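Structure file final_4.txt with compact mmCIF, C-alpha atoms:
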# COMPACT_ATOMS: atom_id res chain seq x y z
CA MET O 25 -114.44 97.77 52.72
CA ALA O 26 -113.13 101.20 51.68
CA ASN O 27 -115.64 103.75 50.47
CA PRO O 28 -115.16 104.03 46.65
CA GLN O 29 -116.34 107.64 46.66
CA LEU O 30 -113.75 108.49 49.31
CA ARG O 31 -111.08 106.76 47.26
CA ARG O 32 -111.88 108.92 44.22
CA THR O 33 -111.88 112.07 46.29
CA VAL O 34 -108.52 111.33 47.90
CA SER O 35 -106.84 110.31 44.63
CA ALA O 36 -108.16 113.24 42.58
CA PRO O 37 -105.40 115.77 41.80
CA PRO O 38 -105.72 118.89 43.96
CA PHE O 39 -106.32 122.27 42.37
CA ALA O 40 -106.76 125.90 43.33
CA ALA O 41 -109.69 128.02 42.15
CA THR O 42 -109.75 131.79 41.67
CA LEU O 43 -112.19 134.38 40.33
CA GLU O 44 -111.14 136.82 37.62
CA TRP O 45 -112.91 139.18 35.25
CA GLY O 46 -111.87 141.29 32.31
CA THR O 47 -113.23 142.80 29.11
CA GLY O 48 -110.54 140.89 27.23
CA TYR O 49 -112.31 137.65 28.10
CA GLU O 50 -115.70 139.12 27.19
CA ALA O 51 -114.44 140.39 23.82
CA LEU O 52 -113.07 136.97 22.82
CA LEU O 53 -116.25 135.21 23.95
CA ALA O 54 -118.36 137.68 21.95
CA LEU O 55 -116.15 137.05 18.92
CA SER O 56 -116.71 133.31 19.30
CA MET O 57 -120.49 133.87 19.32
CA PHE O 58 -120.40 136.08 16.24
CA THR O 59 -118.06 133.78 14.33
CA GLY O 60 -119.59 130.46 15.31
CA ASP O 61 -122.68 128.62 14.19
CA GLU O 62 -124.65 128.15 17.42
CA ARG O 63 -128.30 129.09 17.12
CA GLN O 64 -128.65 132.81 17.70
CA ASP O 65 -131.77 132.39 19.82
CA SER O 66 -129.88 130.04 22.16
CA TYR O 67 -128.21 133.12 23.67
CA GLU O 68 -130.08 135.44 26.03
CA VAL O 69 -129.05 138.46 23.95
CA GLY O 70 -131.08 136.95 21.10
CA LYS O 71 -131.06 137.60 17.37
CA ALA O 72 -131.11 141.38 17.85
CA TRP O 73 -127.53 141.32 19.17
CA PHE O 74 -126.30 139.52 16.06
CA ALA O 75 -128.14 141.92 13.77
CA ARG O 76 -126.59 144.93 15.51
CA THR O 77 -123.17 143.29 15.38
CA ARG O 78 -123.36 142.59 11.64
CA ALA O 79 -124.43 146.18 11.03
CA ALA O 80 -121.50 147.55 13.03
CA ALA O 81 -118.78 145.28 11.62
CA SER O 82 -116.83 146.75 8.70
CA SER O 83 -116.04 144.83 5.53
CA ARG O 84 -112.36 144.86 6.52
CA LEU O 85 -113.17 143.20 9.83
CA MET O 86 -115.28 140.55 8.11
CA THR O 87 -112.55 139.88 5.54
CA ALA O 88 -109.90 139.48 8.24
CA LEU O 89 -112.18 137.20 10.27
CA LYS O 90 -112.83 134.97 7.28
CA ALA O 91 -109.14 134.76 6.44
CA LEU O 92 -108.17 133.88 10.01
CA VAL O 93 -110.72 131.41 11.43
CA GLY O 94 -113.69 131.36 9.05
CA THR O 95 -116.73 130.14 10.97
CA ASP O 96 -114.72 128.28 13.63
CA GLY O 97 -116.05 130.28 16.59
CA PRO O 98 -114.55 128.06 19.36
CA ARG O 99 -111.09 128.87 17.95
CA TRP O 100 -111.22 132.08 20.02
CA PHE O 101 -111.46 130.06 23.25
CA LEU O 102 -107.84 129.05 22.64
CA LEU O 103 -106.72 132.64 23.29
CA LEU O 104 -108.50 133.06 26.64
CA GLY O 105 -105.29 132.13 28.44
CA MET O 106 -103.55 135.09 26.83
CA VAL O 107 -105.98 137.42 28.59
CA HIS O 108 -104.84 135.97 31.91
CA GLU O 109 -101.18 136.19 30.89
CA ALA O 110 -101.67 139.85 29.94
CA ALA O 111 -102.42 140.55 33.62
CA GLY O 112 -103.24 144.10 34.70
CA GLY O 113 -106.92 144.81 34.25
CA HIS O 114 -107.33 141.92 31.75
CA ASP O 115 -108.92 144.37 29.34
CA VAL O 116 -108.84 144.37 25.55
CA ASP O 117 -106.06 146.95 25.26
CA ARG O 118 -103.85 144.94 27.59
CA LEU O 119 -104.60 141.78 25.59
CA LEU O 120 -103.66 143.50 22.32
CA ALA O 121 -100.42 144.80 23.81
CA HIS O 122 -99.60 141.31 25.06
CA ILE O 123 -100.22 139.70 21.66
CA ARG O 124 -98.18 142.37 19.87
CA GLY O 125 -95.29 141.66 22.25
CA ARG O 126 -95.32 137.90 21.66
CA ARG O 127 -93.42 136.03 18.97
CA ALA O 128 -95.55 135.38 15.91
CA GLU O 129 -95.00 131.65 16.37
CA ASP O 130 -96.47 131.86 19.92
CA VAL O 131 -99.74 133.26 18.54
CA LEU O 132 -99.93 130.58 15.84
CA ILE O 133 -99.21 127.80 18.34
CA ALA O 134 -101.99 129.06 20.63
CA LEU O 135 -104.53 129.21 17.78
CA VAL O 136 -103.84 125.64 16.65
CA GLY O 137 -104.23 124.33 20.22
CA GLY O 138 -100.59 124.17 21.25
CA ARG O 139 -101.26 125.46 24.77
CA LEU O 140 -103.78 122.69 25.52
CA PRO O 141 -102.55 120.06 28.02
CA ALA O 142 -102.88 117.29 25.43
CA LEU O 143 -100.14 118.90 23.37
CA ARG O 144 -97.81 119.85 26.23
CA THR O 145 -96.39 116.34 26.47
CA ALA O 146 -93.26 115.21 24.63
CA GLU O 147 -95.39 113.34 22.11
CA GLY O 148 -97.69 116.33 21.66
CA GLN O 149 -94.75 118.69 21.13
CA SER O 150 -93.31 116.35 18.51
CA LEU O 151 -96.66 116.33 16.72
CA MET O 152 -96.87 120.12 16.91
CA LYS O 153 -93.39 120.46 15.43
CA ALA O 154 -94.32 118.16 12.56
CA ALA O 155 -97.54 120.10 11.89
CA LEU O 156 -95.77 123.45 11.87
CA ALA O 157 -93.22 121.98 9.45
CA GLY O 158 -96.09 121.22 7.06
CA GLU O 159 -96.15 117.42 7.25
CA SER O 160 -99.24 116.24 5.39
CA LYS O 161 -101.09 114.25 8.05
CA ALA O 162 -99.90 116.18 11.10
CA ALA O 163 -102.77 118.71 11.14
CA GLN O 164 -105.34 115.90 11.21
CA ALA O 165 -103.49 114.14 14.03
CA LEU O 166 -103.11 117.44 15.88
CA ALA O 167 -106.85 118.09 15.74
CA GLU O 168 -107.69 114.57 16.88
CA ARG O 169 -105.27 114.61 19.81
CA SER O 170 -106.18 118.06 21.11
CA HIS O 171 -109.89 118.19 20.09
CA ALA O 172 -109.05 121.69 18.85
CA GLY O 173 -111.56 121.95 16.05
CA SER O 174 -111.40 121.52 12.31
CA PRO O 175 -108.21 120.09 10.77
CA SER O 176 -108.84 122.26 7.71
CA VAL O 177 -108.69 125.43 9.82
CA ILE O 178 -105.49 124.21 11.48
CA ARG O 179 -103.96 123.54 8.06
CA ARG O 180 -105.01 126.97 6.80
CA LEU O 181 -103.50 128.71 9.82
CA ILE O 182 -100.21 126.85 9.39
CA GLN O 183 -100.13 127.53 5.65
CA SER O 184 -100.78 131.24 6.25
CA GLY O 185 -97.60 131.45 8.31
CA ALA O 186 -96.99 132.77 11.82
CA THR O 187 -96.39 136.39 10.79
CA GLU O 188 -99.66 136.65 8.88
CA VAL O 189 -101.63 134.85 11.60
CA LYS O 190 -100.35 137.27 14.23
CA ARG O 191 -101.14 140.27 12.02
CA LEU O 192 -104.67 139.05 11.36
CA THR O 193 -105.25 138.23 15.04
CA VAL O 194 -104.28 141.74 16.11
CA GLU O 195 -106.36 143.31 13.32
CA VAL O 196 -109.47 141.29 14.14
CA ILE O 197 -109.39 141.90 17.90
CA ASP O 198 -108.55 145.60 17.46
CA ARG O 199 -111.29 146.21 14.88
CA TRP O 200 -113.77 144.09 16.84
CA ASN O 201 -113.14 146.19 19.93
CA ARG O 202 -113.34 149.58 18.19
CA GLU O 203 -116.19 148.88 15.78
CA VAL O 204 -118.43 146.51 17.69
CA PHE O 205 -117.56 145.47 21.23
CA SER O 206 -116.89 148.80 22.97
CA PRO O 207 -119.66 150.78 21.22
CA MET O 208 -122.24 148.08 22.06
CA GLY O 209 -121.12 147.89 25.71
CA ASP O 210 -118.31 145.84 27.21
CA ASN O 211 -120.25 144.81 30.38
CA ALA O 212 -117.33 145.85 32.60
CA VAL O 213 -119.51 147.14 35.45
CA ALA O 214 -121.65 143.98 35.64
CA LEU O 215 -118.61 141.69 35.37
CA ALA O 216 -116.77 143.48 38.17
CA ALA O 217 -119.89 143.44 40.37
CA ASP O 218 -120.31 139.69 39.86
CA VAL O 219 -116.76 138.86 40.92
CA ASN O 220 -116.80 141.29 43.84
CA ALA O 221 -120.03 139.79 45.17
CA LYS O 222 -118.82 136.20 44.82
CA ALA O 223 -115.40 136.96 46.29
CA LYS O 224 -116.96 137.73 49.69
CA SER O 225 -118.38 134.21 49.94
CA ALA O 226 -115.38 132.58 48.28
CA ARG O 227 -113.09 133.22 51.25
CA LYS O 228 -114.72 130.42 53.23
CA MET O 229 -115.03 127.92 50.37
CA SER O 230 -112.85 125.10 49.15
CA ALA O 231 -111.83 125.08 45.50
CA HIS O 232 -114.52 122.48 44.70
CA GLN O 233 -117.20 124.52 46.47
CA LEU O 234 -116.18 127.71 44.70
CA VAL O 235 -116.46 126.10 41.25
CA ASP O 236 -119.98 124.86 42.04
CA PHE O 237 -121.01 128.18 43.63
CA ALA O 238 -119.70 130.44 40.84
CA THR O 239 -121.00 128.34 37.97
CA GLY O 240 -124.34 127.39 39.50
CA GLY O 241 -123.91 123.66 39.17
CA VAL O 242 -120.59 122.64 37.60
CA THR O 243 -118.78 119.96 39.59
CA TYR O 244 -115.07 119.68 38.89
CA GLU O 245 -113.31 116.68 40.39
CA GLY O 246 -109.83 117.55 39.17
CA GLU O 247 -107.74 115.83 36.52
CA ALA O 248 -104.13 115.12 35.69
CA GLY O 249 -102.23 118.11 34.34
CA ILE O 250 -104.56 120.77 35.80
CA ASP O 251 -103.56 122.55 39.00
CA ARG O 252 -105.80 125.63 38.83
CA VAL O 253 -109.31 126.59 37.77
CA LEU O 254 -109.89 130.16 36.65
CA LEU O 255 -113.52 131.23 37.03
CA VAL O 256 -114.51 134.04 34.67
CA PRO O 257 -117.99 135.61 34.44
CA SER O 258 -119.56 136.43 31.09
CA ILE O 259 -122.68 138.44 30.37
CA VAL O 260 -122.75 138.23 26.59
CA THR O 261 -122.67 134.40 26.34
CA ARG O 262 -125.41 133.68 28.88
CA PRO O 263 -126.73 131.05 29.50
CA TRP O 264 -123.79 129.08 28.11
CA ILE O 265 -120.71 127.94 30.00
CA THR O 266 -117.42 127.95 28.10
CA ILE O 267 -114.62 125.62 29.18
CA SER O 268 -111.10 125.81 27.83
CA ASP O 269 -107.58 124.84 28.94
CA TRP O 270 -104.35 126.79 28.93
CA ASP O 271 -101.27 124.85 30.00
CA SER O 272 -102.13 123.63 33.53
CA THR O 273 -105.08 126.01 34.00
CA LYS O 274 -108.72 125.20 33.24
CA ILE O 275 -110.70 128.31 32.35
CA ILE O 276 -114.44 128.16 33.05
CA CYS O 277 -116.43 131.13 31.78
CA TYR O 278 -119.74 131.03 33.63
CA ARG O 279 -123.04 132.90 33.41
CA GLY O 280 -122.47 136.27 35.07
CA ALA O 281 -125.13 137.59 37.43
CA ARG O 282 -127.59 140.20 36.24
CA SER O 283 -127.02 143.72 37.48
CA ALA O 284 -129.73 145.48 39.46
CA ASP O 285 -130.41 147.81 36.52
CA GLU O 286 -130.71 144.92 34.09
CA ALA O 287 -133.12 143.02 36.30
CA GLY O 288 -135.58 145.90 36.19
CA PRO O 289 -138.85 145.60 38.09
CA GLU O 290 -139.00 141.78 37.87
CA PRO O 291 -137.84 140.45 41.29
CA ASP O 292 -138.34 136.74 40.59
CA ARG O 293 -136.08 135.96 37.65
CA ASP O 294 -134.99 132.63 39.14
CA MET O 295 -138.59 131.51 39.52
CA VAL O 296 -139.31 132.44 35.90
CA LEU O 297 -136.29 130.42 34.76
CA VAL O 298 -137.42 127.34 36.69
CA TYR O 299 -140.96 127.37 35.32
CA ARG O 300 -139.74 128.12 31.80
CA ALA O 301 -137.33 125.18 32.00
CA LEU O 302 -140.10 122.83 33.13
CA GLY O 303 -142.60 124.00 30.52
CA ASP O 304 -141.18 121.77 27.80
CA GLU O 305 -141.82 118.06 27.21
CA THR O 306 -138.26 117.31 26.07
CA ARG O 307 -136.72 118.92 29.13
CA LEU O 308 -139.07 116.96 31.40
CA ARG O 309 -137.94 113.77 29.66
CA LEU O 310 -134.33 114.84 30.20
CA LEU O 311 -134.91 115.32 33.93
CA ARG O 312 -136.53 111.90 34.18
CA GLU O 313 -133.56 110.32 32.41
CA LEU O 314 -131.09 112.06 34.71
CA ALA O 315 -133.07 110.95 37.78
CA ALA O 316 -131.75 107.43 37.08
CA GLY O 317 -128.15 108.63 37.38
CA ASP O 318 -125.50 110.82 35.78
CA ARG O 319 -125.27 110.56 32.00
CA ARG O 320 -122.79 111.49 29.29
CA LEU O 321 -124.07 113.55 26.39
CA ALA O 322 -123.74 110.57 24.02
CA GLU O 323 -125.91 108.48 26.35
CA LEU O 324 -128.59 111.17 26.42
CA VAL O 325 -128.51 111.41 22.62
CA GLN O 326 -129.14 107.67 22.36
CA ALA O 327 -131.83 107.62 25.05
CA LEU O 328 -133.83 110.58 23.75
CA GLY O 329 -133.15 110.32 20.02
CA LEU O 330 -132.13 113.97 19.67
CA SER O 331 -129.11 115.63 18.08
CA LYS O 332 -126.22 116.84 20.22
CA SER O 333 -126.87 120.47 19.33
CA THR O 334 -130.55 120.21 20.32
CA LEU O 335 -129.69 118.51 23.61
CA HIS O 336 -127.02 121.13 24.36
CA GLY O 337 -129.68 123.82 24.14
CA HIS O 338 -132.10 122.01 26.46
CA LEU O 339 -129.33 121.20 28.94
CA ALA O 340 -128.28 124.84 29.01
CA VAL O 341 -131.84 125.90 29.91
CA LEU O 342 -132.05 123.32 32.71
CA ARG O 343 -128.64 124.28 34.07
CA THR O 344 -129.47 127.99 34.00
CA ALA O 345 -132.57 127.21 36.05
CA GLY O 346 -130.42 125.42 38.61
CA LEU O 347 -132.03 122.03 37.99
CA ILE O 348 -129.03 120.07 36.76
CA ARG O 349 -125.28 120.01 37.28
CA LEU O 350 -122.38 119.35 34.94
CA SER O 351 -119.47 117.25 36.19
CA ILE O 352 -116.20 117.75 34.34
CA GLY O 353 -112.93 115.92 34.68
CA ALA O 354 -111.78 112.91 32.71
CA GLU O 355 -115.20 113.09 31.01
CA LYS O 356 -118.30 115.29 31.13
CA LYS O 357 -121.50 114.06 32.74
CA TYR O 358 -124.84 115.66 33.52
CA GLY O 359 -126.95 114.92 36.59
CA LEU O 360 -129.70 116.33 38.80
CA ARG O 361 -128.68 118.93 41.35
CA PRO O 362 -129.35 117.98 44.96
CA GLY O 363 -132.41 119.60 46.46
CA LEU O 364 -134.78 120.33 43.57
CA PRO O 365 -136.88 123.46 44.08
CA ASP O 366 -140.21 123.29 45.90
CA LEU O 367 -142.45 124.66 43.16
CA ASN O 368 -145.52 124.98 45.38
CA ARG O 369 -143.59 127.01 47.92
CA ILE O 370 -141.96 129.48 45.53
CA LEU O 371 -145.19 130.06 43.64
CA THR O 372 -147.18 130.50 46.87
CA GLU O 373 -144.58 132.94 48.23
CA TYR O 374 -144.67 134.99 45.04
CA ILE O 375 -148.48 135.15 44.80
CA GLY O 376 -148.69 135.97 48.48
CA ARG O 377 -146.56 139.07 48.01
CA SER O 378 -149.02 140.74 45.66
Write-out of the structure in structure tokens:
Amino acid sequence: MANPQLRRTVSAPPFAATLEWGTGYEALLALSMFTGDERQDSYEVGKAWFARTRAAASSRLMTALKALVGTDGPRWFLLLGMVHEAAGGHDVDRLLAHIRGRRAEDVLIALVGGRLPALRTAEGQSLMKAALAGESKAAQALAERSHAGSPSVIRRLIQSGATEVKRLTVEVIDRWNREVFSPMGDNAVALAADVNAKAKSARKMSAHQLVDFATGGVTYEGEAGIDRVLLVPSIVTRPWITISDWDSTKIICYRGARSADEAGPEPDRDMVLVYRALGDETRLRLLRELAAGDRRLAELVQALGLSKSTLHGHLAVLRTAGLIRLSIGAEKKYGLRPGLPDLNRILTEYIGRS
């Protein structure tokens, strides 16, 4: 009898994987944090980062943000592909120049999800055309097909018109960069160091191995319509992983490594993360549930009786500690990583050094 695992591996669509960094990516990810409604303390930068950001942002920036996307933070993920298209150093200035050079309709289409694979089909393009023409139910159908956020935001963007959407997009990114992002630090040095360090090991890895290595536990099996995975480090959004699509490219923004300066005198950050992850009853219950096999988020919600947002936070802590993996493809599943850490050994080694 044929091995079913081998059959899945052989039939999975092949893809290439590459590493790329740029302050353009980091600026958009920071905008998504500031705009969105995730718990502030779920990010490593903590509440202090948000307080500093609010203090630095002008009233004109806040007005433009509200008019464009409101509190729909993930909307900014839909522009990550434009950073890649901008090429060069993938920095904010290059991104702004690229957006200014695009047709206004191109910017609007990107922001309503038109560059997602689900809308690149003939049926998806027909739906997009109907939505842009203002048909009453098209925005709802567009949101449902592409999973691109709130239908009300999509309707507002379309009603604003392509010219105004492009103007607001340029204004927000430009003001965000000048008022907030650059003055607070764009993380360019740490981002470059992360990619340079990983690139040395990447030469001997397959695309599947590189995804797992760079992300610290994301398994990507491949899926129809995707032929490349772009791996982008982020410092500001740690410990979260951001996943978005752009045409036939899947963009995975992973937790960038800490720089030597940031690490300071503490040499055992990974050990601290493991023990912190295990020092919570809910996370221990999660690990026990995953020991029985891979689970979808909905299954974990039902098994543990917790909300999706609460589970997301716990799963992020466990993944950051290297205890679980995330498999993405036709659907997302969480599971235990092979080779759980030997807690006695790492604690003994640390104590023995003092």
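Minimum distance to Gly112 (chain O) across O:Thr77, O:Gln64, O:Ala162, O:Thr47 (counting only C-alpha atoms) occurs at O:Thr47.
Interatomic distance, CA of Gly48 (chain O) against CA of Val107 (chain O): 5.9 Å.
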What's the 12 Å shell around Leu347 (chain O), counting all atoms listed in the file, without same-chain residues fewer than 6 positions away, as a short mmCIF file (atom, residue, chain, number, x, y, z; two decimals) with C-alpha atoms, in the frame of the given file?
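Here's the written file around-v4.cif:
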data_model
loop_
_atom_site.label_atom_id
_atom_site.label_comp_id
_atom_site.auth_asym_id
_atom_site.auth_seq_id
_atom_site.Cartn_x
_atom_site.Cartn_y
_atom_site.Cartn_z
CA GLY O 240 -124.34 127.39 39.50
CA GLY O 241 -123.91 123.66 39.17
CA VAL O 242 -120.59 122.64 37.60
CA ASP O 294 -134.99 132.63 39.14
CA MET O 295 -138.59 131.51 39.52
CA LEU O 297 -136.29 130.42 34.76
CA VAL O 298 -137.42 127.34 36.69
CA TYR O 299 -140.96 127.37 35.32
CA ARG O 300 -139.74 128.12 31.80
CA ALA O 301 -137.33 125.18 32.00
CA LEU O 302 -140.10 122.83 33.13
CA ARG O 307 -136.72 118.92 29.13
CA LEU O 308 -139.07 116.96 31.40
CA LEU O 310 -134.33 114.84 30.20
CA LEU O 311 -134.91 115.32 33.93
CA ARG O 312 -136.53 111.90 34.18
CA LEU O 314 -131.09 112.06 34.71
CA ALA O 315 -133.07 110.95 37.78
CA HIS O 338 -132.10 122.01 26.46
CA LEU O 339 -129.33 121.20 28.94
CA ALA O 340 -128.28 124.84 29.01
CA VAL O 341 -131.84 125.90 29.91
CA TYR O 358 -124.84 115.66 33.52
CA GLY O 359 -126.95 114.92 36.59
CA LEU O 360 -129.70 116.33 38.80
CA ARG O 361 -128.68 118.93 41.35
CA PRO O 362 -129.35 117.98 44.96
CA GLY O 363 -132.41 119.60 46.46
CA LEU O 364 -134.78 120.33 43.57
CA PRO O 365 -136.88 123.46 44.08
CA ASP O 366 -140.21 123.29 45.90
CA LEU O 367 -142.45 124.66 43.16
#
Open item on the list: With distances taken over only C-alpha atoms, which residue among O:Arg99, O:Arg139, O:Arg179, O:His171 lies nearest Leu156 (chain O)?
Closed with: O:Arg179
Task: For CA of Ser206 (chain O) and CA of Ala79 (chain O), the interatomic separation in Å (one decimal) - done: 14.4 Å
With a distance cut-off of 9 Å and only C-alpha atoms, select the neighbouring residues of Leu181 (chain O), excluding the residue or stretch itself and same-chain residues fewer than 5 positions from it, and output the selection as a PDB file with C-alpha atoms, in the frame of the given file.
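Generated file (around-v5.pdb):
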ATOM      1  CA  ALA O  91    -109.140 134.760   6.440  1.00  0.00           C
ATOM      2  CA  LEU O  92    -108.170 133.880  10.010  1.00  0.00           C
ATOM      3  CA  VAL O  93    -110.720 131.410  11.430  1.00  0.00           C
ATOM      4  CA  LEU O 132     -99.930 130.580  15.840  1.00  0.00           C
ATOM      5  CA  LEU O 135    -104.530 129.210  17.780  1.00  0.00           C
ATOM      6  CA  VAL O 136    -103.840 125.640  16.650  1.00  0.00           C
ATOM      7  CA  SER O 176    -108.840 122.260   7.710  1.00  0.00           C
ATOM      8  CA  ALA O 186     -96.990 132.770  11.820  1.00  0.00           C
ATOM      9  CA  GLU O 188     -99.660 136.650   8.880  1.00  0.00           C
ATOM     10  CA  VAL O 189    -101.630 134.850  11.600  1.00  0.00           C
TER      11      VAL O 189
END
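If you measure from each of O:Phe205, O:Trp200, O:Phe237, O:Trp270 to Ser83 (chain O) using all atoms listed in the file, the closest one turns out to be O:Trp200.
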Open item on the list: I need the residue nearest His336 (chain O) from this list: O:Arg320, O:Arg252, O:Arg126, O:Lys274. Use only C-alpha atoms for the distance.
Closed with: O:Arg320
Task: CA of Arg84 (chain O) to CA of Pro207 (chain O), distance in Å rounded to a single decimal - done: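 Taking CA of Arg84 (chain O) as the start and CA of Pro207 (chain O) as the end point, the length is 17.4 Å.
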Open item on the list: I'd like the contact shell of Asn211 (chain O) - 9 Å cut-off, only C-alpha atoms, skipping same-chain residues fewer than 4 positions apart - returned as a PyMOL selection string.
Closed with: chain O and resi 47+50+215-216+258-260
Could you work out an axis-aligned bounding box for all listed atoms of region 41-55 of chain O, with 5 Å added on each of the six sides, and give its centre and edge lengths in Å to one decimal, as lines of an AutoDock Vina configuration file?
center_x = -114.0
center_y = 135.4
center_z = 30.5
size_x = 18.7
size_y = 24.8
size_z = 33.2
Task: For Glu62 (chain O): contacts at 12 Å, only C-alpha atoms, fewer than 6 positions along chain excluded, given as a count of residues only - done: 15
- [ ] Tell me which of O:Ser184, O:Thr59, O:Thr372, O:Ser268 sits closest to Ala172 (chain O), counting only C-alpha atoms.
- [x]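 Checking each candidate against Ala172 (chain O), we get O:Ser268 as the closest.
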Open item on the list: Can you pull out the residues contacting Ser351 (chain O)? Cut-off 6 Å, using only C-alpha atoms, and skip same-chain residues under 5 positions away; I want them as a PyMOL selection string.
Closed with: chain O and resi 242-244+356-357
TODO: Would you mind telling me which residue in O:Leu151, O:Ile123, O:Leu342, O:Ala163 lies nearest to Thr306 (chain O) when using only C-alpha atoms?
DONE: O:Leu342
Task: Exercise: residues within 12 Å of coordinate (-109.2, 146.5, 12.4), counting only C-alpha atoms, as a ChimeraX atom specification - done: /O:81-89,120,191-204
Just-selected residues, C-alpha atoms written as a compact mmCIF listing (two decimals), in the frame of the given file:
# COMPACT_ATOMS: atom_id res chain seq x y z
CA ALA O 81 -118.78 145.28 11.62
CA SER O 82 -116.83 146.75 8.70
CA SER O 83 -116.04 144.83 5.53
CA ARG O 84 -112.36 144.86 6.52
CA LEU O 85 -113.17 143.20 9.83
CA MET O 86 -115.28 140.55 8.11
CA THR O 87 -112.55 139.88 5.54
CA ALA O 88 -109.90 139.48 8.24
CA LEU O 89 -112.18 137.20 10.27
CA LEU O 120 -103.66 143.50 22.32
CA ARG O 191 -101.14 140.27 12.02
CA LEU O 192 -104.67 139.05 11.36
CA THR O 193 -105.25 138.23 15.04
CA VAL O 194 -104.28 141.74 16.11
CA GLU O 195 -106.36 143.31 13.32
CA VAL O 196 -109.47 141.29 14.14
CA ILE O 197 -109.39 141.90 17.90
CA ASP O 198 -108.55 145.60 17.46
CA ARG O 199 -111.29 146.21 14.88
CA TRP O 200 -113.77 144.09 16.84
CA ASN O 201 -113.14 146.19 19.93
CA ARG O 202 -113.34 149.58 18.19
CA GLU O 203 -116.19 148.88 15.78
CA VAL O 204 -118.43 146.51 17.69
TODO: Would you list the residues near (-108.5, 147.9, 30.1) (no more than 10 Å away, in the coordinates of the file, using all atoms listed in the file) as a list of chain:residue names?
DONE: O:Gly46, O:Thr47, O:Gly48, O:Gly112, O:Gly113, O:His114, O:Asp115, O:Val116, O:Asp117, O:Arg118, O:Leu119, O:Ala212
